[in-house]
Amino acid sequence: MLFQSPRGTKDILPEESSKWQTIESRTRKIFSIFGFEEIRTPLIEEAKLFARSLGDFTDIVQKQMFLIKKETDMFVLRPEATASIVRAYVEHDLYNISNICKFYYMGPMFRAERPQKGRLRQFHHIGAEAIGSANPFLDAELILLATRIITESGLSDFEVVVNTLGCQDDKKKMSANLKEKLAPHKKSFCADCVLRIDKNIFRVLDCKNPQCKDIIASLSWAQTHICSDCQKHFESVLAALDMFGVRYKVNPLLVRGLDYYTRTVFEITSNELGAQDALGAGGRYDNLVEELGGPSRGAVGFALGVERLLLACREKISEMSGSFLECYVIPLGEAALKKSLSVLNDLRSAGISSDLDYLEGSLKARLRRADKKNSRFCLIIGDNELAKGVGLLKDMARSSQEEVPLTELVEKIKSSKSEV
Ligand code: HAM
């Protein structure tokens, strides 16, 4: 093999892409039901945007950015889309257009991670961002939206974990409390965590090293650092989740790997996934709009990993998809091929999905190809049919066949469609 796709990237071949389309089309429908509109931002951004938004000492900014240097400018393949969307919101003064802007997006993200099952270097997000309000019901609405996308993709076995980080002051207090609690264990942490304790202590809570995880699990932790406003906000989020019937678990040590979060954070996990068990995650980022040069606006969002969603509901998706062709035309001979081209054109002009069998071979082999294409009908045109101005229409679903005048073909297929 001369070339392969780069490590940590995947070709999505047609059989697989039909599953993607199923998820994407269902998701677009859900987004529109919830009042979200699509936003598309560039795949490259200035590198500084992410350092400023996600934080200098996050894993993404420290280790995972695909950087592109062009003359004196430094760009990056976007590792996530929240920062890009807030950048666009500020750049285009979208706060003047609507009080709350509800965006959704779908597309590739890039992180230079060590590839493994469920962890890629190019992966895809389906995400939503609601910018313009600090109302706690919006947090619950976004969590509900994320769970709705997951259930409509066919998955029922997942867990929603929520927490509040509080405001910036509360986060500072949490950081001081953690430092105090972790200090006696410092020597037992991995080398990365020893650095994290000084630079960005919350990252210690995300460490996957078993020894670090054990120390974290042994901590007795109380949310004493959360101020009363933030506590009230969190209680309202939980009450709204109860009202929506979303089941959740509160984990006071859930912090998430990006610095822009304040108040609500959440993660949705699935047992179907193995070590990389997060299907998606999100939270509130009330300071980011201002941080990127805009006015003070509350915001909340989430992103689901499409590859992980597909991994978790593999079987169920394949039941719902599969490409479906309505008519596969098989011409027998040179003269029939010419006629078939105009028949094909008529079918397609009438909105009937159809294709032509250009390859030679026995009729049996050609019918097998029609079957592989999952075609409902197969139209055979040979010299006899040409002479009579008809085609032999095989109904693959009913295993029946009849001669149909070519002038009546479109009507015939359309009326059979409505019978199925
Ligand atoms: P995140 O947790 O970094 O959040 O990514 C969200 C989801 O993307 C993860 O839960 C996981 O399913 C998937 N994911 C992340 N990295 C990879 C990878 N290397 N390979 C495969 N899947 C991956 C964010 O990116 C935030 N922007 C979410 C957000 C939106 N918060 C507020 N608004």
# chains A, B, ... in the order shown; residues from 1 in each chain; ligands from 1
$ residues_around --residues "region 295-308 of chain A" --least-positions-apart "4" --cutoff "7 Å" --atoms "only C-alpha atoms" --output "ChimeraX atom specification"
/A:118,123-134,139,142,279-287,289-290,312
$ select_by_dssp --residues "region 223-333 of chain A" --states "strand (DSSP E or B)" --output "PyMOL selection string"
chain A and resi 249-250+264-269+278-284+299-305+325-331
$ atom_distance --atom1 "atom 22 (N, counted along the ligand's line) of ligand 1" --atom2 "CA of Asn251 (chain A)"
21.9 Å
$ closest_residue --among "A:Ile30, A:Tyr105, A:Phe324, A:Trp221" --to "Ser18 (chain A)" --atoms "only C-alpha atoms"
A:Phe324
$ residues_around --residues "Pro405 (chain A)" --least-positions-apart "6" --cutoff "10 Å" --atoms "only C-alpha atoms" --output "short mmCIF file (atom, residue, chain, number, x, y, z; two decimals) with N, CA and C atoms, in the first residue's frame"
data_model
loop_
_atom_site.label_atom_id
_atom_site.label_comp_id
_atom_site.auth_asym_id
_atom_site.auth_seq_id
_atom_site.Cartn_x
_atom_site.Cartn_y
_atom_site.Cartn_z
N GLU A 385 -37.66 -5.95 -25.86
CA GLU A 385 -38.39 -4.88 -25.17
C GLU A 385 -38.31 -3.59 -25.99
N LYS A 388 -40.77 -3.40 -28.69
CA LYS A 388 -42.16 -3.18 -28.23
C LYS A 388 -42.35 -1.86 -27.48
N GLY A 389 -41.23 -1.16 -27.23
CA GLY A 389 -41.31 0.10 -26.47
C GLY A 389 -41.63 -0.13 -25.01
N VAL A 390 -41.20 -1.29 -24.47
CA VAL A 390 -41.48 -1.60 -23.06
C VAL A 390 -40.18 -1.91 -22.31
N GLY A 391 -40.28 -2.12 -21.03
CA GLY A 391 -39.18 -2.62 -20.22
C GLY A 391 -39.73 -3.69 -19.31
N LEU A 392 -38.87 -4.64 -18.89
CA LEU A 392 -39.33 -5.66 -17.96
C LEU A 392 -39.04 -5.15 -16.54
N LEU A 393 -40.11 -4.82 -15.83
CA LEU A 393 -39.94 -4.21 -14.50
C LEU A 393 -40.05 -5.28 -13.43
N LYS A 412 -45.93 4.29 -13.06
CA LYS A 412 -46.01 2.95 -12.47
C LYS A 412 -45.18 2.89 -11.17
#
$ select_by_dssp --residues "region 90-281 of chain A" --states "helix (DSSP H, G or I)" --output "PyMOL selection string"
chain A and resi 90-91+94-96+136-152+168-188+191-199+201-206+210-218+228-244+271-273
$ residues_around --residues "Leu309 (chain A)" --least-positions-apart "2" --cutoff "12 Å" --atoms "only C-alpha atoms" --output "VMD selection string"
chain A and resid 19 to 20 23 to 24 118 123 to 126 146 to 147 149 to 158 268 to 273 276 to 280 303 to 307 311 to 317
$ atom_distance --atom1 "CA of Glu411 (chain A)" --atom2 "CA of Arg368 (chain A)"
25.6 Å
$ residues_around --residues "region 226-240 of chain A" --least-positions-apart "5" --cutoff "12 Å" --atoms "only C-alpha atoms" --output "mmCIF file with C-alpha atoms, in the first residue's frame"
data_model
loop_
_atom_site.group_PDB
_atom_site.id
_atom_site.type_symbol
_atom_site.label_atom_id
_atom_site.label_comp_id
_atom_site.auth_asym_id
_atom_site.auth_seq_id
_atom_site.Cartn_x
_atom_site.Cartn_y
_atom_site.Cartn_z
ATOM 1 C CA ALA A 134 -27.483 33.186 32.301
ATOM 2 C CA ASN A 135 -30.866 31.599 33.012
ATOM 3 C CA PRO A 136 -30.407 28.171 34.659
ATOM 4 C CA PHE A 137 -33.331 26.707 32.690
ATOM 5 C CA LEU A 138 -31.241 27.129 29.587
ATOM 6 C CA ASP A 139 -28.591 24.825 31.088
ATOM 7 C CA ALA A 140 -31.279 22.190 31.642
ATOM 8 C CA GLU A 141 -32.668 22.745 28.142
ATOM 9 C CA LEU A 142 -29.245 22.098 26.626
ATOM 10 C CA ILE A 143 -28.778 18.931 28.673
ATOM 11 C CA LEU A 144 -32.244 17.769 27.616
ATOM 12 C CA VAL A 160 -25.764 12.219 32.705
ATOM 13 C CA VAL A 161 -23.320 13.525 35.310
ATOM 14 C CA VAL A 162 -23.599 17.157 36.434
ATOM 15 C CA ASN A 163 -21.768 19.512 38.734
ATOM 16 C CA THR A 164 -21.342 23.207 39.424
ATOM 17 C CA LEU A 165 -17.933 24.854 39.448
ATOM 18 C CA GLY A 166 -19.394 28.105 40.734
ATOM 19 C CA CYS A 167 -18.223 31.531 39.545
ATOM 20 C CA GLN A 168 -14.585 32.587 39.029
ATOM 21 C CA ASP A 169 -14.209 33.391 42.754
ATOM 22 C CA ASP A 170 -15.640 29.994 43.697
ATOM 23 C CA LYS A 171 -13.226 28.320 41.281
ATOM 24 C CA LYS A 172 -10.319 30.103 42.973
ATOM 25 C CA LYS A 173 -11.541 28.848 46.350
ATOM 26 C CA MET A 174 -11.955 25.325 44.963
ATOM 27 C CA SER A 175 -8.434 25.474 43.605
ATOM 28 C CA ASN A 177 -9.063 23.788 48.801
ATOM 29 C CA GLY A 245 -37.625 13.953 33.421
ATOM 30 C CA VAL A 246 -33.864 13.826 32.719
ATOM 31 C CA ARG A 247 -32.146 11.415 35.090
ATOM 32 C CA TYR A 248 -28.736 12.571 36.347
ATOM 33 C CA LYS A 249 -26.075 12.007 38.951
ATOM 34 C CA VAL A 250 -24.273 14.860 40.724
ATOM 35 C CA PRO A 252 -18.821 17.275 42.891
ATOM 36 C CA THR A 262 -18.113 28.414 35.201
ATOM 37 C CA ARG A 263 -21.169 27.145 37.095
ATOM 38 C CA THR A 264 -22.848 24.142 35.429
ATOM 39 C CA VAL A 265 -20.706 21.438 33.832
ATOM 40 C CA PHE A 266 -21.917 18.069 32.613
ATOM 41 C CA GLY A 283 -21.396 23.452 30.414
ATOM 42 C CA ARG A 284 -21.763 27.146 31.061
#
$ atom_distance --atom1 "CA of Ser5 (chain A)" --atom2 "CA of Pro115 (chain A)"
13.0 Å
$ residues_around --residues "Lys29 (chain A)" --least-positions-apart "4" --cutoff "12 Å" --atoms "only C-alpha atoms" --output "count of residues only"
15
$ residues_around --residues "region 342-350 of chain A" --least-positions-apart "4" --cutoff "8 Å" --atoms "only C-alpha atoms" --output "ChimeraX atom specification"
/A:329,338,354-356,406,410
$ closest_residue --among "A:Glu360, A:Glu45, A:Asp59, A:Glu180" --to "ligand 1" --atoms "only C-alpha atoms and all ligand atoms"
A:Asp59
$ closest_residue --among "A:Thr58, A:Gln122, A:Ser32, A:Thr27" --to "Pro6 (chain A)" --atoms "only C-alpha atoms"
A:Gln122
$ closest_residue --among "A:Glu15, A:Asp259, A:Glu159, A:Glu113" --to "Glu291 (chain A)" --atoms "only C-alpha atoms"
A:Asp259
